[in-house]
$ cat work.tsv   # TSV, C-alpha atoms and all ligand atoms
chain	number	residue	atom	x	y	z
A	1384	HIS	CA	-5.74	-4.55	-15.36
A	1385	VAL	CA	-3.74	-3.75	-12.25
A	1386	VAL	CA	-0.25	-5.12	-11.66
A	1387	VAL	CA	1.19	-5.13	-8.16
A	1388	VAL	CA	4.92	-5.61	-7.49
A	1389	GLY	CA	5.86	-6.40	-3.92
A	1390	SER	CA	6.24	-8.65	-0.92
A	1391	PHE	CA	4.51	-11.74	0.39
A	1392	ASN	CA	4.97	-12.64	4.06
A	1393	VAL	CA	3.59	-15.31	6.30
A	1394	ASP	CA	2.38	-13.27	9.29
A	1395	HIS	CA	2.80	-14.77	12.77
A	1396	VAL	CA	0.63	-12.72	15.10
A	1397	TRP	CA	0.49	-12.75	18.91
A	1398	ASN	CA	-2.23	-10.76	20.67
A	1399	CYS	CA	-0.84	-9.91	24.12
A	1400	ARG	CA	-2.06	-7.79	27.00
A	1401	SER	CA	0.92	-5.46	26.51
A	1402	LEU	CA	3.89	-5.36	24.15
A	1403	PRO	CA	6.80	-7.45	25.49
A	1404	ARG	CA	9.59	-5.49	27.18
A	1405	ARG	CA	13.26	-6.41	27.07
A	1406	GLY	CA	13.84	-9.73	28.80
A	1407	GLU	CA	10.14	-10.32	29.33
A	1408	THR	CA	8.25	-13.52	28.44
A	1409	LEU	CA	4.54	-13.16	27.81
A	1410	ALA	CA	1.66	-15.41	26.90
A	1411	GLY	CA	-0.49	-14.41	23.93
A	1412	ARG	CA	-3.16	-15.66	21.56
A	1413	TYR	CA	-1.50	-16.79	18.33
A	1414	HIS	CA	-2.68	-16.92	14.76
A	1415	THR	CA	-0.98	-17.04	11.40
A	1416	GLY	CA	-2.09	-15.84	7.99
A	1417	PRO	CA	-0.96	-14.31	4.70
A	1418	GLY	CA	0.44	-10.79	4.64
A	1419	GLY	CA	3.12	-8.58	3.14
A	1420	LYS	CA	2.21	-5.16	1.79
A	1421	GLY	CA	2.41	-6.29	-1.83
A	1422	PHE	CA	0.17	-9.30	-1.37
A	1423	ASN	CA	-2.32	-7.43	0.84
A	1424	GLN	CA	-2.69	-4.75	-1.80
A	1425	ALA	CA	-3.02	-7.29	-4.61
A	1426	VAL	CA	-5.78	-9.10	-2.70
A	1427	ALA	CA	-7.55	-5.78	-2.05
A	1428	ALA	CA	-7.35	-4.83	-5.74
A	1429	ALA	CA	-8.70	-8.25	-6.79
A	1430	ARG	CA	-11.53	-8.25	-4.23
A	1431	ALA	CA	-12.41	-4.71	-5.32
A	1432	GLY	CA	-13.00	-6.19	-8.75
A	1433	ALA	CA	-9.78	-5.54	-10.66
A	1434	SER	CA	-8.19	-8.12	-12.89
A	1435	THR	CA	-4.91	-8.33	-10.94
A	1436	ALA	CA	-1.39	-9.65	-11.52
A	1437	PHE	CA	1.12	-9.93	-8.66
A	1438	LEU	CA	4.90	-10.04	-9.18
A	1439	CYS	CA	6.82	-11.40	-6.19
A	1440	ALA	CA	9.56	-13.74	-4.95
A	1441	LEU	CA	8.73	-16.91	-3.00
A	1442	GLY	CA	10.67	-19.75	-1.42
A	1443	ASN	CA	10.17	-23.43	-2.14
A	1444	ASP	CA	8.37	-24.06	1.16
A	1445	ASP	CA	4.96	-24.07	2.84
A	1446	GLY	CA	4.77	-20.26	2.76
A	1447	GLY	CA	5.40	-20.21	-0.98
A	1448	ARG	CA	2.78	-22.88	-1.58
A	1449	GLN	CA	0.33	-20.96	0.60
A	1450	ALA	CA	0.87	-17.82	-1.51
A	1451	ARG	CA	0.16	-19.74	-4.72
A	1452	THR	CA	-3.00	-21.34	-3.35
A	1453	LEU	CA	-4.35	-18.07	-1.95
A	1454	ALA	CA	-3.58	-16.10	-5.11
A	1455	GLU	CA	-5.40	-18.70	-7.16
A	1456	SER	CA	-8.47	-18.59	-4.93
A	1457	ASP	CA	-8.66	-14.80	-5.41
A	1458	GLY	CA	-8.09	-15.05	-9.16
A	1459	ILE	CA	-4.73	-13.23	-8.95
A	1460	ALA	CA	-2.28	-14.01	-11.77
A	1461	LEU	CA	1.05	-14.75	-10.04
A	1462	ARG	CA	4.46	-14.13	-11.58
A	1463	VAL	CA	6.98	-15.69	-9.22
A	1464	HIS	CA	10.73	-15.38	-8.97
A	1465	ASP	CA	11.70	-18.72	-7.39
A	1466	SER	CA	14.07	-17.94	-4.55
A	1467	ALA	CA	16.48	-20.31	-2.78
A	1468	HIS	CA	15.64	-18.49	0.45
A	1469	ALA	CA	12.68	-19.04	2.76
A	1470	THR	CA	9.44	-17.22	1.97
A	1471	GLY	CA	9.15	-13.89	3.81
A	1472	THR	CA	7.86	-13.82	7.38
A	1473	ALA	CA	6.65	-11.22	9.85
A	1474	GLY	CA	6.49	-11.58	13.64
A	1475	ILE	CA	3.80	-9.25	14.98
A	1476	TYR	CA	2.85	-8.45	18.58
A	1477	VAL	CA	-0.42	-6.60	19.10
A	1478	ASP	CA	-1.43	-5.21	22.51
A	1479	GLU	CA	-4.97	-4.69	23.80
A	1480	ALA	CA	-5.05	-1.09	22.55
A	1481	GLY	CA	-4.21	-2.26	19.01
A	1482	ASN	CA	-0.59	-0.99	19.09
A	1483	ASN	CA	1.91	-3.29	17.45
A	1484	THR	CA	5.60	-4.03	17.03
A	1485	ILE	CA	6.72	-5.92	13.95
A	1486	VAL	CA	9.90	-7.73	12.88
A	1487	ILE	CA	10.17	-8.73	9.23
A	1488	GLY	CA	12.32	-11.55	7.88
A	1489	ALA	CA	12.51	-10.48	4.23
A	1490	GLY	CA	13.78	-13.89	3.08
A	1491	ALA	CA	12.78	-14.46	-0.55
A	1492	ASN	CA	11.41	-10.91	-0.87
A	1493	ALA	CA	14.99	-9.60	-0.77
A	1494	ASP	CA	15.74	-11.64	-3.92
A	1495	LEU	CA	13.29	-9.77	-6.13
A	1496	GLY	CA	15.81	-8.34	-8.59
A	1497	ALA	CA	15.79	-5.64	-11.24
A	1498	ALA	CA	16.91	-8.17	-13.89
A	1499	TRP	CA	13.99	-10.49	-13.16
A	1500	VAL	CA	11.57	-7.55	-13.10
A	1501	GLY	CA	13.00	-6.49	-16.46
A	1502	ARG	CA	11.82	-9.80	-17.94
A	1503	GLN	CA	8.25	-8.94	-16.86
A	1504	ALA	CA	8.20	-5.85	-19.10
A	1505	PRO	CA	5.23	-7.02	-21.21
A	1506	VAL	CA	3.05	-7.49	-18.08
A	1507	LEU	CA	4.07	-4.08	-16.74
A	1508	ALA	CA	3.57	-2.26	-20.03
A	1509	GLY	CA	0.26	-3.99	-20.72
A	1510	ALA	CA	-1.41	-2.91	-17.46
A	1511	ARG	CA	-3.57	0.15	-16.80
A	1512	LEU	CA	-1.85	0.79	-13.49
A	1513	LEU	CA	1.20	-0.42	-11.54
A	1514	LEU	CA	1.09	-0.37	-7.73
A	1515	ALA	CA	4.36	-0.77	-5.78
A	1516	GLN	CA	5.59	-0.41	-2.19
A	1517	LEU	CA	8.97	-0.30	-0.42
A	1518	GLU	CA	9.00	-3.80	1.12
A	1519	SER	CA	11.06	-5.05	-1.85
A	1520	PRO	CA	14.55	-4.07	-3.09
A	1521	LEU	CA	14.33	-0.48	-4.30
A	1522	ASP	CA	16.17	-1.14	-7.58
A	1523	ALA	CA	13.55	-3.74	-8.50
A	1524	VAL	CA	10.73	-1.34	-7.63
A	1525	LEU	CA	12.37	1.41	-9.69
A	1526	GLU	CA	12.82	-0.90	-12.67
A	1527	ALA	CA	9.14	-1.85	-12.50
A	1528	MET	CA	8.04	1.78	-12.35
A	1529	ARG	CA	10.28	2.77	-15.27
A	1530	LEU	CA	9.13	-0.12	-17.47
A	1531	ALA	CA	5.50	0.55	-16.63
A	1532	ARG	CA	5.77	4.22	-17.45
A	1533	ALA	CA	7.68	3.51	-20.67
A	1534	GLY	CA	4.73	1.36	-21.72
A	1535	GLY	CA	2.15	4.04	-20.88
A	1536	THR	CA	1.03	2.39	-17.61
A	1537	MET	CA	0.07	4.72	-14.75
A	1538	THR	CA	2.45	4.31	-11.76
A	1539	MET	CA	1.30	4.45	-8.14
A	1540	LEU	CA	3.84	4.28	-5.31
A	1541	ASN	CA	2.83	3.55	-1.73
A	1542	PRO	CA	6.04	4.64	0.07
A	1543	ALA	CA	5.60	2.10	2.88
A	1544	PRO	CA	7.07	1.18	5.23
A	1545	ALA	CA	8.60	4.57	6.08
A	1546	ASN	CA	12.18	4.36	4.92
A	1547	ALA	CA	15.08	6.52	6.03
A	1548	GLU	CA	16.47	6.53	2.50
A	1549	CYS	CA	15.69	9.34	0.09
A	1550	LEU	CA	13.72	8.14	-2.90
A	1551	ARG	CA	14.51	10.76	-5.51
A	1552	GLU	CA	14.43	8.45	-8.54
A	1553	LEU	CA	11.41	6.54	-7.30
A	1554	LEU	CA	9.43	9.72	-6.70
A	1555	ALA	CA	10.35	10.97	-10.16
A	1556	ALA	CA	8.90	7.75	-11.61
A	1557	ALA	CA	5.60	8.00	-9.70
A	1558	ASP	CA	2.40	9.47	-11.15
A	1559	ILE	CA	0.53	8.97	-7.86
A	1560	LEU	CA	2.11	8.83	-4.39
A	1561	THR	CA	0.12	7.50	-1.41
A	1562	PRO	CA	1.93	8.00	1.93
A	1563	ASN	CA	0.30	7.75	5.35
A	1564	GLU	CA	1.10	10.51	7.85
A	1565	THR	CA	4.33	8.92	9.12
A	1566	GLU	CA	5.60	8.21	5.61
A	1567	PHE	CA	4.63	11.69	4.42
A	1568	THR	CA	6.60	13.40	7.19
A	1569	ALA	CA	9.57	11.06	6.64
A	1570	LEU	CA	9.62	11.95	2.93
A	1571	LEU	CA	9.34	15.67	3.70
A	1572	GLU	CA	12.33	15.41	6.06
A	1573	CYS	CA	14.42	13.76	3.37
A	1574	HIS	CA	13.38	15.77	0.34
A	1575	THR	CA	12.55	19.24	1.61
A	1576	SER	CA	13.57	21.61	4.36
A	1577	HIS	CA	10.15	21.22	6.00
A	1578	ARG	CA	9.89	19.71	9.46
A	1579	VAL	CA	6.36	18.59	10.28
A	1580	ASP	CA	5.24	16.54	13.25
A	1581	SER	CA	3.07	13.74	11.87
A	1582	ASP	CA	0.59	14.25	14.73
A	1583	ALA	CA	0.18	17.86	13.62
A	1584	LEU	CA	-0.73	17.00	10.02
A	1585	VAL	CA	-4.49	16.76	10.61
A	1586	ALA	CA	-4.40	20.34	11.92
A	1587	THR	CA	-2.20	21.68	9.08
A	1588	SER	CA	-4.09	23.91	6.64
A	1589	ASP	CA	-5.04	22.39	3.30
A	1590	ALA	CA	-3.18	25.10	1.40
A	1591	GLN	CA	-0.01	24.34	3.35
A	1592	LEU	CA	-0.42	20.57	2.85
A	1593	HIS	CA	-0.87	21.20	-0.86
A	1594	ARG	CA	2.36	23.22	-1.01
A	1595	LEU	CA	4.22	20.42	0.78
A	1596	CYS	CA	2.81	17.82	-1.64
A	1597	ARG	CA	3.81	19.95	-4.62
A	1598	THR	CA	7.40	20.13	-3.36
A	1599	LEU	CA	7.51	16.36	-2.96
A	1600	LEU	CA	5.95	15.38	-6.28
A	1601	PRO	CA	5.81	18.47	-8.50
A	1602	ARG	CA	4.50	16.58	-11.52
A	1603	GLY	CA	2.13	14.03	-9.97
A	1604	SER	CA	-0.75	13.55	-7.55
A	1605	VAL	CA	-0.30	12.92	-3.83
A	1606	VAL	CA	-2.89	11.19	-1.64
A	1607	VAL	CA	-2.01	11.38	2.06
A	1608	THR	CA	-4.04	8.90	4.13
A	1609	LEU	CA	-5.05	10.31	7.51
A	1610	GLY	CA	-6.48	7.27	9.32
A	1611	ALA	CA	-9.93	8.00	10.76
A	1612	ALA	CA	-9.75	11.47	9.15
A	1613	GLY	CA	-9.75	9.97	5.64
A	1614	ALA	CA	-7.40	11.35	3.00
A	1615	PHE	CA	-5.96	14.56	1.58
A	1616	VAL	CA	-5.53	14.86	-2.19
A	1617	SER	CA	-3.17	17.21	-4.03
A	1618	HIS	CA	-2.84	17.44	-7.81
A	1619	ARG	CA	-0.58	19.49	-10.04
A	1620	GLU	CA	-2.69	22.58	-10.82
A	1621	ASP	CA	-3.04	21.77	-14.53
A	1622	LEU	CA	-3.42	17.98	-14.05
A	1623	THR	CA	-6.37	17.57	-11.73
A	1624	ARG	CA	-7.43	14.13	-13.07
A	1625	GLY	CA	-11.03	15.19	-13.54
A	1626	ASP	CA	-11.41	16.92	-10.16
A	1627	ALA	CA	-12.86	20.41	-9.73
A	1628	GLU	CA	-10.16	21.44	-7.23
A	1629	ALA	CA	-6.39	20.91	-7.19
A	1630	PHE	CA	-6.52	19.96	-3.48
A	1631	TYR	CA	-9.18	18.77	-1.05
A	1632	ARG	CA	-9.95	16.34	1.78
A	1633	VAL	CA	-12.13	13.24	1.52
A	1634	PRO	CA	-13.56	12.22	4.92
A	1635	ALA	CA	-13.45	8.59	6.02
A	1636	ASP	CA	-16.51	6.48	6.74
A	1637	ARG	CA	-17.44	6.41	10.43
A	1638	VAL	CA	-16.80	2.93	11.80
A	1639	GLU	CA	-15.81	1.25	15.06
A	1640	PRO	CA	-12.58	-0.43	13.96
A	1641	VAL	CA	-11.99	-4.04	15.05
A	1642	ASP	CA	-8.47	-4.26	13.55
A	1643	THR	CA	-6.82	-1.46	11.54
A	1644	THR	CA	-3.90	-3.68	10.40
A	1645	GLY	CA	-3.74	-3.41	6.64
A	1646	ALA	CA	-6.09	-0.40	6.39
A	1647	GLY	CA	-3.47	1.39	4.30
A	1648	ASP	CA	-3.05	-1.69	2.09
A	1649	ALA	CA	-6.82	-1.90	1.64
A	1650	PHE	CA	-6.91	1.78	0.67
A	1651	ASN	CA	-4.12	1.40	-1.89
A	1652	GLY	CA	-5.48	-1.75	-3.52
A	1653	ALA	CA	-8.96	-0.27	-3.74
A	1654	LEU	CA	-7.73	3.06	-5.13
A	1655	ALA	CA	-5.74	1.21	-7.79
A	1656	ALA	CA	-8.72	-0.99	-8.72
A	1657	SER	CA	-11.13	1.94	-8.92
A	1658	TYR	CA	-8.79	4.12	-10.94
A	1659	ALA	CA	-7.94	1.30	-13.35
A	1660	ALA	CA	-11.63	0.56	-13.90
A	1661	ALA	CA	-12.47	4.11	-14.99
A	1662	PRO	CA	-9.50	6.53	-15.20
A	1663	GLU	CA	-11.70	9.13	-16.88
A	1664	ARG	CA	-13.88	9.56	-13.78
A	1665	ALA	CA	-13.25	12.32	-11.23
A	1666	PHE	CA	-10.34	11.21	-9.02
A	1667	ALA	CA	-12.31	12.17	-5.88
A	1668	LEU	CA	-14.73	9.31	-6.60
A	1669	HIS	CA	-11.86	6.80	-6.56
A	1670	VAL	CA	-10.61	8.20	-3.24
A	1671	ARG	CA	-14.12	8.00	-1.80
A	1672	PHE	CA	-14.33	4.35	-2.83
A	1673	ALA	CA	-10.87	3.64	-1.35
A	1674	ASN	CA	-11.98	5.22	1.96
A	1675	ARG	CA	-15.12	3.09	2.01
A	1676	TYR	CA	-13.17	-0.07	1.19
A	1677	ALA	CA	-10.49	0.65	3.83
A	1678	ALA	CA	-13.09	1.43	6.52
A	1679	GLN	CA	-14.77	-1.91	5.80
A	1680	SER	CA	-11.41	-3.68	6.01
A	1681	THR	CA	-11.06	-2.45	9.63
A	1682	GLN	CA	-14.18	-4.49	10.49
A	1683	HIS	CA	-12.30	-7.76	9.91
A	1684	VAL	CA	-9.25	-9.26	11.63
A	1685	GLY	CA	-6.29	-10.23	9.46
A	1686	ALA	CA	-4.17	-8.57	6.78
A	1687	ALA	CA	-4.82	-10.17	3.36
A	1688	SER	CA	-7.59	-12.45	4.65
A	1689	GLY	CA	-9.44	-9.45	6.17
A	1690	MET	CA	-9.85	-7.69	2.80
A	1691	PRO	CA	-13.57	-7.22	2.05
A	1692	HIS	CA	-15.31	-8.39	-1.10
A	1693	LEU	CA	-16.62	-5.03	-2.27
A	1694	ALA	CA	-16.44	-4.37	-5.98
A	1695	VAL	CA	-16.02	-0.98	-7.61
A	1696	GLU	CA	-19.29	0.18	-9.11
A	1697	ILE	CA	-18.95	1.98	-12.39
A	1698	SER	CA	-21.96	3.97	-13.46
B	1	LIG	P1	-1.99	2.99	7.55
B	1	LIG	O1	-2.82	1.76	7.74
B	1	LIG	O2	-0.97	2.85	6.48
B	1	LIG	O3	-1.44	3.59	8.80
B	1	LIG	P2	-4.08	4.99	7.64
B	1	LIG	O4	-4.12	4.80	9.10
B	1	LIG	O5	-3.90	6.38	7.11
B	1	LIG	O6	-2.98	4.10	6.93
B	1	LIG	O7	-5.44	4.37	7.04
B	1	LIG	C1	-5.63	4.20	5.67
B	1	LIG	C2	-7.07	4.45	5.32
B	1	LIG	O8	-7.89	3.50	6.04
B	1	LIG	C3	-7.61	5.81	5.71
B	1	LIG	O9	-7.34	6.76	4.71
B	1	LIG	C4	-9.10	5.50	5.87
B	1	LIG	O10	-9.71	5.46	4.59
B	1	LIG	C5	-9.10	4.09	6.44
B	1	LIG	N1	-9.15	4.10	7.91
B	1	LIG	C6	-8.13	3.88	8.77
B	1	LIG	N2	-8.53	3.97	10.07
B	1	LIG	C7	-9.84	4.25	10.01
B	1	LIG	C8	-10.86	4.48	11.01
B	1	LIG	N3	-10.59	4.43	12.33
B	1	LIG	N4	-12.12	4.76	10.57
B	1	LIG	C9	-12.42	4.81	9.27
B	1	LIG	N5	-11.50	4.61	8.29
B	1	LIG	C10	-10.24	4.35	8.63

$ encode --input "work.tsv" --output "structure tokens"
Amino acid sequence: HVVVVGSFNVDHVWNCRSLPRRGETLAGRYHTGPGGKGFNQAVAAARAGASTAFLCALGNDDGGRQARTLAESDGIALRVHDSAHATGTAGIYVDEAGNNTIVIGAGANADLGAAWVGRQAPVLAGARLLLAQLESPLDAVLEAMRLARAGGTMTMLNPAPANAECLRELLAAADILTPNETEFTALLECHTSHRVDSDALVATSDAQLHRLCRTLLPRGSVVVTLGAAGAFVSHREDLTRGDAEAFYRVPADRVEPVDTTGAGDAFNGALAASYAAAPERAFALHVRFANRYAAQSTQHVGAASGMPHLAVEIS
């Protein structure tokens, strides 16, 4: 099975004509729903067919109860650290072009501790794959990755949101790293002497991208998501995970996106589910499935609630 460690947020979303400027008061269409990178990815993994456990921290409030109800309806096994703080929240403004600004109130998510994670060792060691992000305290994420790896569980790190901190220990504990373009360039700035404009990545040669990935994660695989351009994959030369090439691109499905919020989360959950279902298959097939799943997720509004029901097919 797949185990996800991460955040749960209640998203409060306002669709406005433009993003509010300083001192400005705007009217917008409001909706609320479940979110948080951890929860979004757990829902994606579950709806892609994986038996999924989710480790998180929740408050004793409506948000916490909502998380429990939603997890149950998707068949996700919850492991909750009960926090005295309010369940996490996110305030999101989206303009007509789909641009957004987001403020996160970490609340309970900030209470996810390494000691509590340590007590979940059997769950972490018993999984096929652990998927983690950076919306939780980094020491808790690191503890989860170390315990997973010690138990022979594959570790996948989605280094999101982009974080100014260097993640040396976390990267060393990751078997698979899945940054988007912004996160990839942020990591390169911190960990190498390379300066790459994230807008220029699509035009960067594959051989050069591969070299950059190798510097970042010499021993593991890197999957850089490139939005509508799909994904770039780079493996260690002698550890190609069943692929014919050490590096290659996988194009995205062509779709007219309705809402790309959570596309990265959809990709990560689906990649985890596909890999966990059949790790012996060529890795490129898992990436192709993740692209297809993420493209479909852009056809629905909402973060966790917009995740499609599209199960991995194993032939
Ligand atoms: P994030 O949501 O973290 O910014 P990306 O924008 O790289 O991540 O998108 C993640 C994945 O979602 C892509 O690799 C692709 O599979 C899919 N995706 C995103 N935008 C589109 C799009 N416009 N058309 C098709 N697929 C898309």

$ residues_around --input "work.tsv" --residues "segment 1441-1456 of chain A" --least-positions-apart "5" --cutoff "12 Å" --atoms "only C-alpha atoms" --output "ChimeraX atom specification"
/A:1389-1395,1415-1419,1421-1430,1435-1436,1461-1473,1489-1495,1687-1688

$ closest_residue --input "work.tsv" --among "A:Ala1627, A:Gly1432, A:Asn1483, A:Gly1509" --to "Tyr1676 of chain A" --atoms "all atoms listed in the file"
A:Gly1432

$ residues_near_ligand --input "work.tsv" --ligand "ligand LIG 1 (chain B)" --cutoff "10 Å" --atoms "all atoms listed in the file" --output "number ranges by chain"
A: 1420, 1541-1545, 1561-1566, 1606-1615, 1633-1651, 1670-1682

$ atom_distance --input "work.tsv" --atom1 "atom CA of Pro1505 of chain A" --atom2 "atom CA of Ala1556 of chain A"
18.0 Å

$ closest_residue --input "work.tsv" --among "A:Gly1474, A:Gly1496, A:Gly1652, A:Pro1520" --to "His1414 of chain A" --atoms "all atoms listed in the file"
A:Gly1474

$ closest_residue --input "work.tsv" --among "A:Val1386, A:His1669, A:Thr1568, A:Thr1408" --to "Ala1504 of chain A" --atoms "all atoms listed in the file"
A:Val1386

$ atom_distance --input "work.tsv" --atom1 "atom CA of Ala1557 of chain A" --atom2 "atom CA of Asp1582 of chain A"
25.7 Å

$ atom_distance --input "work.tsv" --atom1 "atom CA of His1692 of chain A" --atom2 "atom CA of Ala1653 of chain A"
10.6 Å

$ closest_residue --input "work.tsv" --among "A:Leu1517, A:Leu1654, A:Val1477, A:Glu1548" --to "Val1684 of chain A" --atoms "only C-alpha atoms"
A:Val1477

$ axis_aligned_box --input "work.tsv" --around "segment 1509-1519 of chain A" --padding-each-side "4 Å" --output "JSON"
{"center_x": 3.7, "center_y": -2.1, "center_z": -9.8, "size_x": 22.6, "size_y": 13.8, "size_z": 29.8}

$ closest_residue --input "work.tsv" --among "A:Ala1656, A:Glu1479, A:Ala1515, A:Ser1434" --to "Val1387 of chain A" --atoms "only C-alpha atoms"
A:Ala1515

$ closest_residue --input "work.tsv" --among "A:Glu1552, A:Asp1522, A:Ala1510, A:Val1585" --to "Gly1535 of chain A" --atoms "only C-alpha atoms"
A:Ala1510
